[in-house]
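Shown next: final_0.tsv, containing TSV, C-alpha atoms.
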```
chain	number	residue	atom	x	y	z
A	18	MET	CA	-16.16	45.70	5.55
A	19	LYS	CA	-18.10	43.35	3.34
A	20	VAL	CA	-18.08	39.62	3.97
A	21	GLU	CA	-18.27	37.67	0.72
A	22	ARG	CA	-18.76	34.04	-0.08
A	23	LEU	CA	-15.55	32.90	-1.82
A	24	HIS	CA	-15.59	30.93	-5.03
A	25	VAL	CA	-13.10	28.26	-6.01
A	26	ASN	CA	-10.79	29.60	-8.70
A	27	TYR	CA	-7.04	29.87	-9.21
A	28	LYS	CA	-6.86	33.47	-8.00
A	29	THR	CA	-8.57	32.69	-4.69
A	30	LEU	CA	-6.57	29.50	-4.14
A	31	GLU	CA	-3.38	31.51	-4.73
A	32	GLU	CA	-4.50	34.05	-2.11
A	33	PHE	CA	-5.19	31.21	0.36
A	34	LYS	CA	-1.45	30.40	0.36
A	35	LYS	CA	-0.82	33.57	2.39
A	36	PHE	CA	-2.80	32.16	5.31
A	37	ARG	CA	-1.05	30.04	7.93
A	38	GLU	CA	-3.81	27.47	8.10
A	39	TYR	CA	-3.33	26.32	4.53
A	40	GLY	CA	-3.77	22.55	4.51
A	41	ILE	CA	-5.08	19.56	2.65
A	42	GLN	CA	-8.50	21.19	2.30
A	43	GLU	CA	-7.01	23.83	-0.01
A	44	LEU	CA	-4.73	21.32	-1.76
A	45	SER	CA	-7.75	19.14	-2.38
A	46	MET	CA	-9.70	22.07	-3.90
A	47	MET	CA	-6.75	22.81	-6.19
A	48	GLU	CA	-6.58	19.19	-7.37
A	49	ASP	CA	-10.33	19.05	-7.94
A	50	LEU	CA	-10.18	22.25	-9.95
A	51	GLN	CA	-7.22	21.09	-12.05
A	52	SER	CA	-8.88	17.77	-12.83
A	53	ASN	CA	-12.24	19.42	-13.54
A	54	ILE	CA	-13.94	17.53	-10.72
A	55	ILE	CA	-15.25	20.91	-9.63
A	56	GLU	CA	-16.11	23.79	-11.92
A	57	ASN	CA	-14.16	27.01	-11.94
A	58	ASP	CA	-15.87	29.60	-9.71
A	59	SER	CA	-17.99	27.03	-7.89
A	60	ILE	CA	-18.97	27.98	-4.35
A	61	SER	CA	-16.63	27.14	-1.49
A	62	PRO	CA	-17.18	26.80	2.26
A	63	PHE	CA	-15.00	29.92	2.69
A	64	TYR	CA	-16.08	33.48	3.36
A	65	GLY	CA	-13.69	36.39	3.21
A	66	ILE	CA	-13.10	40.12	3.34
A	67	TYR	CA	-11.18	42.00	0.65
A	68	PHE	CA	-9.11	45.13	1.13
A	69	GLY	CA	-9.02	46.52	-2.40
A	70	ASP	CA	-8.51	43.37	-4.48
A	71	LYS	CA	-6.56	41.58	-1.76
A	72	LEU	CA	-8.09	38.89	0.43
A	73	VAL	CA	-7.11	39.86	3.99
A	74	ALA	CA	-9.37	37.69	6.17
A	75	ARG	CA	-11.19	34.41	5.77
A	76	MET	CA	-13.08	31.67	7.57
A	77	SER	CA	-14.74	28.40	6.67
A	78	LEU	CA	-18.33	27.66	7.64
A	79	TYR	CA	-20.27	24.42	7.68
A	80	LYS	CA	-23.76	23.63	8.93
A	81	ARG	CA	-23.89	20.48	11.04
A	82	ASP	CA	-27.12	18.58	11.40
A	83	ALA	CA	-28.63	18.23	14.88
A	84	LYS	CA	-28.25	14.46	14.67
A	85	TYR	CA	-24.44	14.87	14.77
A	86	ASP	CA	-24.54	17.48	17.55
A	87	LYS	CA	-22.46	16.50	20.60
A	88	TYR	CA	-22.09	20.02	21.99
A	89	PHE	CA	-25.48	21.57	22.63
A	90	ASN	CA	-28.36	20.43	24.77
A	91	PRO	CA	-30.82	19.59	23.35
A	92	PRO	CA	-29.01	18.62	20.14
A	93	GLN	CA	-29.67	21.15	17.39
A	94	ASP	CA	-28.41	22.32	14.01
A	95	TYR	CA	-25.27	24.39	14.47
A	96	LEU	CA	-22.49	26.04	12.54
A	97	GLU	CA	-18.90	24.92	12.67
A	98	VAL	CA	-16.37	27.71	12.05
A	99	TRP	CA	-12.76	26.88	11.21
A	100	LYS	CA	-9.69	28.55	9.72
A	101	LEU	CA	-10.80	31.98	10.87
A	102	GLU	CA	-7.70	34.04	10.18
A	103	VAL	CA	-6.72	37.62	9.46
A	104	LEU	CA	-3.41	38.38	7.73
A	105	PRO	CA	-0.91	39.82	10.26
A	106	GLN	CA	-0.78	43.40	8.96
A	107	TYR	CA	-4.60	43.60	9.01
A	108	GLN	CA	-5.18	42.30	12.52
A	109	ARG	CA	-6.88	44.31	15.30
A	110	LYS	CA	-8.95	46.31	12.80
A	111	GLY	CA	-12.23	44.43	13.22
A	112	TYR	CA	-11.94	41.97	10.32
A	113	GLY	CA	-12.10	38.93	12.58
A	114	LYS	CA	-15.10	40.29	14.44
A	115	ALA	CA	-16.84	41.07	11.13
A	116	LEU	CA	-16.44	37.43	10.07
A	117	VAL	CA	-17.73	36.11	13.39
A	118	ASP	CA	-20.67	38.56	13.28
A	119	TYR	CA	-21.49	37.19	9.84
A	120	ALA	CA	-21.49	33.64	11.20
A	121	LYS	CA	-23.68	34.76	14.11
A	122	SER	CA	-26.19	36.32	11.70
A	123	PHE	CA	-27.48	32.84	10.79
A	124	ASN	CA	-28.87	32.74	14.33
A	125	LEU	CA	-27.59	29.23	14.94
A	126	PRO	CA	-25.30	28.02	17.72
A	127	ILE	CA	-21.64	28.06	16.71
A	128	LYS	CA	-18.80	25.74	17.57
A	129	THR	CA	-15.17	26.42	16.77
A	130	ASN	CA	-11.81	24.90	17.68
A	131	PRO	CA	-9.20	27.64	17.37
A	132	ARG	CA	-5.77	26.31	16.46
A	133	VAL	CA	-3.86	29.32	17.69
A	134	GLN	CA	-3.85	31.17	20.99
A	135	SER	CA	-6.86	33.42	20.55
A	136	HIS	CA	-8.90	32.81	23.66
A	137	GLU	CA	-9.32	36.52	24.46
A	138	PHE	CA	-10.63	37.24	20.98
A	139	TRP	CA	-13.30	34.55	21.23
A	140	THR	CA	-14.22	35.40	24.83
A	141	SER	CA	-14.75	39.05	23.85
A	142	LEU	CA	-17.25	37.83	21.25
A	143	GLY	CA	-19.24	35.80	23.77
A	144	PHE	CA	-17.77	32.35	23.17
A	145	THR	CA	-17.22	30.04	26.14
A	146	SER	CA	-15.17	26.86	26.55
A	147	ALA	CA	-17.07	23.60	26.37
A	148	ASP	CA	-16.61	21.22	29.29
A	149	TYR	CA	-13.77	18.96	28.23
A	150	GLN	CA	-14.85	15.42	27.36
A	151	MET	CA	-11.88	13.37	26.25
A	152	GLU	CA	-13.63	10.90	23.97
A	153	ARG	CA	-15.33	13.76	22.14
A	154	ASP	CA	-12.62	16.40	22.24
A	155	LEU	CA	-9.22	14.66	22.28
A	156	GLY	CA	-6.80	17.47	21.35
A	157	GLU	CA	-9.49	20.06	20.64
A	158	ASN	CA	-10.30	23.15	22.71
A	159	PRO	CA	-13.90	23.63	21.63
A	160	LEU	CA	-15.49	27.05	22.05
A	161	LEU	CA	-19.24	27.54	21.86
A	162	TRP	CA	-21.64	30.41	21.23
A	163	GLN	CA	-25.42	30.51	21.27
A	164	PRO	CA	-27.90	33.11	20.03
A	165	ALA	CA	-29.25	35.23	22.90
A	166	ASP	CA	-32.85	34.35	22.18
A	167	SER	CA	-32.15	30.65	22.16
A	168	SER	CA	-34.28	28.76	24.62
A	169	SER	CA	-31.74	25.96	24.71
A	170	LEU	CA	-28.90	25.87	27.17
A	171	THR	CA	-25.50	24.21	27.13
A	172	ASP	CA	-24.63	21.40	29.49
A	173	GLU	CA	-22.70	23.88	31.59
A	174	ALA	CA	-25.64	26.17	32.11
A	175	MET	CA	-28.06	23.45	33.10
B	14	MET	CA	14.79	6.45	25.84
B	15	LYS	CA	12.00	4.97	27.87
B	16	VAL	CA	8.40	5.79	27.11
B	17	GLU	CA	6.30	5.91	30.28
B	18	ARG	CA	2.61	6.15	30.93
B	19	LEU	CA	2.08	9.44	32.76
B	20	HIS	CA	0.00	9.71	35.89
B	21	VAL	CA	-2.14	12.66	36.89
B	22	ASN	CA	-0.47	14.52	39.72
B	23	TYR	CA	0.54	18.10	40.43
B	24	LYS	CA	4.15	17.57	39.36
B	25	THR	CA	3.19	16.19	35.94
B	26	LEU	CA	0.52	18.86	35.38
B	27	GLU	CA	3.12	21.50	36.19
B	28	GLU	CA	5.48	20.00	33.61
B	29	PHE	CA	2.69	20.01	31.02
B	30	LYS	CA	2.66	23.83	31.16
B	31	LYS	CA	5.97	23.87	29.29
B	32	PHE	CA	4.32	22.34	26.23
B	33	ARG	CA	2.75	24.58	23.61
B	34	GLU	CA	-0.33	22.43	23.21
B	35	TYR	CA	-1.51	23.01	26.74
B	36	GLY	CA	-5.27	23.37	26.61
B	37	ILE	CA	-8.57	22.65	28.29
B	38	GLN	CA	-7.70	18.96	28.53
B	39	GLU	CA	-4.92	19.78	31.00
B	40	LEU	CA	-6.98	22.46	32.77
B	41	SER	CA	-9.76	19.94	33.16
B	42	MET	CA	-7.39	17.35	34.69
B	43	MET	CA	-6.15	19.99	37.14
B	44	GLU	CA	-9.71	20.87	38.19
B	45	ASP	CA	-10.66	17.22	38.57
B	46	LEU	CA	-7.59	16.63	40.72
B	47	GLN	CA	-8.20	19.68	42.90
B	48	SER	CA	-11.83	18.73	43.47
B	49	ASN	CA	-10.94	15.07	44.09
B	50	ILE	CA	-13.02	13.91	41.13
B	51	ILE	CA	-9.93	11.96	40.12
B	52	GLU	CA	-7.41	10.44	42.48
B	53	ASN	CA	-3.86	11.66	42.70
B	54	ASP	CA	-1.58	9.54	40.48
B	55	SER	CA	-4.46	8.07	38.48
B	56	ILE	CA	-3.57	7.04	34.96
B	57	SER	CA	-3.75	9.61	32.18
B	58	PRO	CA	-4.02	9.30	28.39
B	59	PHE	CA	-0.51	10.78	28.20
B	60	TYR	CA	2.78	9.01	27.60
B	61	GLY	CA	6.11	10.73	27.96
B	62	ILE	CA	9.88	10.53	28.01
B	63	TYR	CA	11.99	11.91	30.84
B	64	PHE	CA	15.51	13.27	30.59
B	65	GLY	CA	16.71	12.96	34.17
B	66	ASP	CA	13.64	14.02	36.13
B	67	LYS	CA	12.43	16.43	33.46
B	68	LEU	CA	9.58	15.58	31.09
B	69	VAL	CA	10.89	16.47	27.62
B	70	ALA	CA	8.42	14.80	25.25
B	71	ARG	CA	4.82	13.68	25.45
B	72	MET	CA	1.82	12.49	23.47
B	73	SER	CA	-1.76	11.51	24.16
B	74	LEU	CA	-3.18	8.20	22.99
B	75	TYR	CA	-6.76	6.98	22.74
B	76	LYS	CA	-8.20	3.79	21.31
B	77	ARG	CA	-11.20	4.39	19.06
B	78	ASP	CA	-13.70	1.66	18.48
B	79	ALA	CA	-14.20	0.38	14.93
B	80	LYS	CA	-17.80	1.55	15.00
B	81	TYR	CA	-16.61	5.18	15.08
B	82	ASP	CA	-13.95	4.64	12.41
B	83	LYS	CA	-14.34	6.98	9.44
B	84	TYR	CA	-10.76	6.68	8.20
B	85	PHE	CA	-9.93	3.05	7.46
B	86	ASN	CA	-11.55	0.56	5.14
B	87	PRO	CA	-12.91	-1.75	6.41
B	88	PRO	CA	-13.65	0.13	9.67
B	89	GLN	CA	-11.44	-1.14	12.48
B	90	ASP	CA	-10.20	-0.28	15.95
B	91	TYR	CA	-7.51	2.36	15.71
B	92	LEU	CA	-5.40	4.66	17.85
B	93	GLU	CA	-5.74	8.40	17.85
B	94	VAL	CA	-2.52	10.27	18.69
B	95	TRP	CA	-2.62	13.94	19.68
B	96	LYS	CA	-0.42	16.53	21.35
B	97	LEU	CA	2.76	14.77	20.29
B	98	GLU	CA	5.37	17.34	21.22
B	99	VAL	CA	9.04	17.53	22.10
B	100	LEU	CA	10.38	20.53	24.03
B	101	PRO	CA	12.42	22.79	21.67
B	102	GLN	CA	15.88	22.10	23.09
B	103	TYR	CA	15.32	18.33	22.89
B	104	GLN	CA	14.08	18.16	19.29
B	105	ARG	CA	15.82	16.20	16.52
B	106	LYS	CA	17.22	13.66	18.98
B	107	GLY	CA	14.74	10.87	18.33
B	108	TYR	CA	12.25	11.55	21.15
B	109	GLY	CA	9.35	12.12	18.76
B	110	LYS	CA	10.14	8.95	16.82
B	111	ALA	CA	10.39	6.98	20.08
B	112	LEU	CA	6.87	8.08	21.03
B	113	VAL	CA	5.46	7.22	17.59
B	114	ASP	CA	7.24	3.85	17.66
B	115	TYR	CA	5.59	3.20	21.00
B	116	ALA	CA	2.17	3.99	19.51
B	117	LYS	CA	2.94	1.72	16.54
B	118	SER	CA	3.85	-1.14	18.89
B	119	PHE	CA	0.14	-1.73	19.61
B	120	ASN	CA	-0.09	-2.93	16.00
B	121	LEU	CA	-3.23	-0.91	15.33
B	122	PRO	CA	-3.80	1.70	12.61
B	123	ILE	CA	-3.06	5.22	13.81
B	124	LYS	CA	-4.70	8.53	13.00
B	125	THR	CA	-3.30	11.89	13.99
B	126	ASN	CA	-4.06	15.52	13.18
B	127	PRO	CA	-0.85	17.50	13.69
B	128	ARG	CA	-1.49	21.10	14.70
B	129	VAL	CA	1.91	22.39	13.68
B	130	GLN	CA	3.87	22.12	10.46
B	131	SER	CA	5.43	18.70	10.85
B	132	HIS	CA	4.55	16.94	7.62
B	133	GLU	CA	8.13	15.78	6.95
B	134	PHE	CA	8.40	14.21	10.39
B	135	TRP	CA	5.23	12.18	9.91
B	136	THR	CA	6.03	11.24	6.32
B	137	SER	CA	9.44	9.93	7.39
B	138	LEU	CA	7.62	7.63	9.82
B	139	GLY	CA	5.33	6.21	7.14
B	140	PHE	CA	2.25	8.36	7.69
B	141	THR	CA	0.24	9.49	4.66
B	142	SER	CA	-2.43	12.16	4.24
B	143	ALA	CA	-6.02	10.99	4.19
B	144	ASP	CA	-8.09	12.04	1.21
B	145	TYR	CA	-9.77	15.25	2.29
B	146	GLN	CA	-13.48	14.92	3.01
B	147	MET	CA	-14.94	18.20	4.18
B	148	GLU	CA	-17.81	16.93	6.28
B	149	ARG	CA	-15.46	14.57	8.13
B	150	ASP	CA	-12.29	16.67	8.25
B	151	LEU	CA	-13.30	20.37	8.31
B	152	GLY	CA	-10.11	22.11	9.43
B	153	GLU	CA	-8.16	18.91	10.12
B	154	ASN	CA	-5.22	17.56	8.16
B	155	PRO	CA	-5.53	13.89	9.08
B	156	LEU	CA	-2.51	11.65	8.72
B	157	LEU	CA	-2.81	7.87	8.76
B	158	TRP	CA	-0.53	4.90	9.37
B	159	GLN	CA	-1.23	1.19	9.15
B	160	PRO	CA	0.76	-1.84	10.36
B	161	ALA	CA	2.65	-3.49	7.50
B	162	ASP	CA	1.00	-6.86	7.99
B	163	SER	CA	-2.48	-5.37	7.95
B	164	SER	CA	-4.68	-6.97	5.34
B	165	SER	CA	-6.89	-3.91	5.29
B	166	LEU	CA	-6.31	-1.02	2.93
B	167	THR	CA	-7.17	2.64	3.10
B	168	ASP	CA	-9.63	4.20	0.72
B	169	GLU	CA	-6.74	5.66	-1.18
B	170	ALA	CA	-5.10	2.32	-1.85
B	171	MET	CA	-8.26	0.63	-3.05
```
Could I get this file's structure written as structure tokens?
Amino acid sequence: MKVERLHVNYKTLEEFKKFREYGIQELSMMEDLQSNIIENDSISPFYGIYFGDKLVARMSLYKRDAKYDKYFNPPQDYLEVWKLEVLPQYQRKGYGKALVDYAKSFNLPIKTNPRVQSHEFWTSLGFTSADYQMERDLGENPLLWQPADSSSLTDEAM
Amino acid sequence: MKVERLHVNYKTLEEFKKFREYGIQELSMMEDLQSNIIENDSISPFYGIYFGDKLVARMSLYKRDAKYDKYFNPPQDYLEVWKLEVLPQYQRKGYGKALVDYAKSFNLPIKTNPRVQSHEFWTSLGFTSADYQMERDLGENPLLWQPADSSSLTDEAM
């Protein structure tokens, strides 16, 4: 199970259509590619796992600067994970965990806001719910993870 | 169809469980109520419509200050709508539109990030997709609406 950085090209964007969380991010990449605003095969924020030549799992990853951190205490650089998704017929085979392990390998705290019911999955990987703060979270259900050797603690743990 | 501000009490929180987008926001309200951090029947950010004594539609509403506005140009106070949802057997009867019309009645721009496929619904009510900006939007699909007499324009229109 090899996690690869995905590049923006027509083949990948076509594969993205199989994922439920296809939205304006992908539409925007398609438009930028068609109008040559971005080069073919330029890097994307997506990482994925192929089964043969078929993309079966993906996630998006973005590093947030500590100055925008509203989740960890003290504020620190962290990774935001979104659109983590495994195609239905490939679920429960470890693809999702492989992607999360890849994100963890950067040794930075991680924040995610799962859009589907997947609390058990995230809990099994050591993620915990943030304390709900309406002004910050609104309709989100933020889940947080921190490297074991981190000396920093979340609000909850302090 | 009367839109009512919902108050935090055990009856309302029990009704919230019927909605798909039940999350840590509701769990947090329940905990705060049980531990007397908030008073019974205190106001909530939720608005709803009753059919008889049954809550059949709801949404959450929050006013964002212009200084946090990343969506409208020039930055201005706006409303954030989330968890707009109509129970399945009451859909397509105008409950969703009644809630959105209520939000519009404040005559402020509105931003929402629908979690389910409901693009047609929002488009029919005059909402348009924001231009995707990864650092701002990540996994969101923000939709925007502005009052007709607003002199301000979105980035897209400028």
Got a sec to pull out which chain B residues are within 9 Å of chain A, counting all atoms listed in the file, and send them as an NGL selection string?
:B and (34 or 36-38 or 40-41 or 73-75 or 77 or 93-96 or 126 or 128 or 142-148 or 150-155)
Please report the interatomic distance between atom CA of A:Val20 and atom CA of A:Leu50 in Å with one decimal.
23.6 Å
Pick from B:Ser118, B:Gln89, B:Ser131, B:Asn22 nearest to B:Ile56, counting all atoms listed in the file:
B:Asn22
Nearest candidate to A:Ser59 (options A:Tyr107, A:Tyr27, A:Phe89, A:Tyr95; using only C-alpha atoms)
A:Tyr27
Using all atoms listed in the file for the distances, tell me which of A:Tyr88, A:Tyr67, A:Phe144, A:Phe138 is nearest to A:Glu32.
A:Tyr67
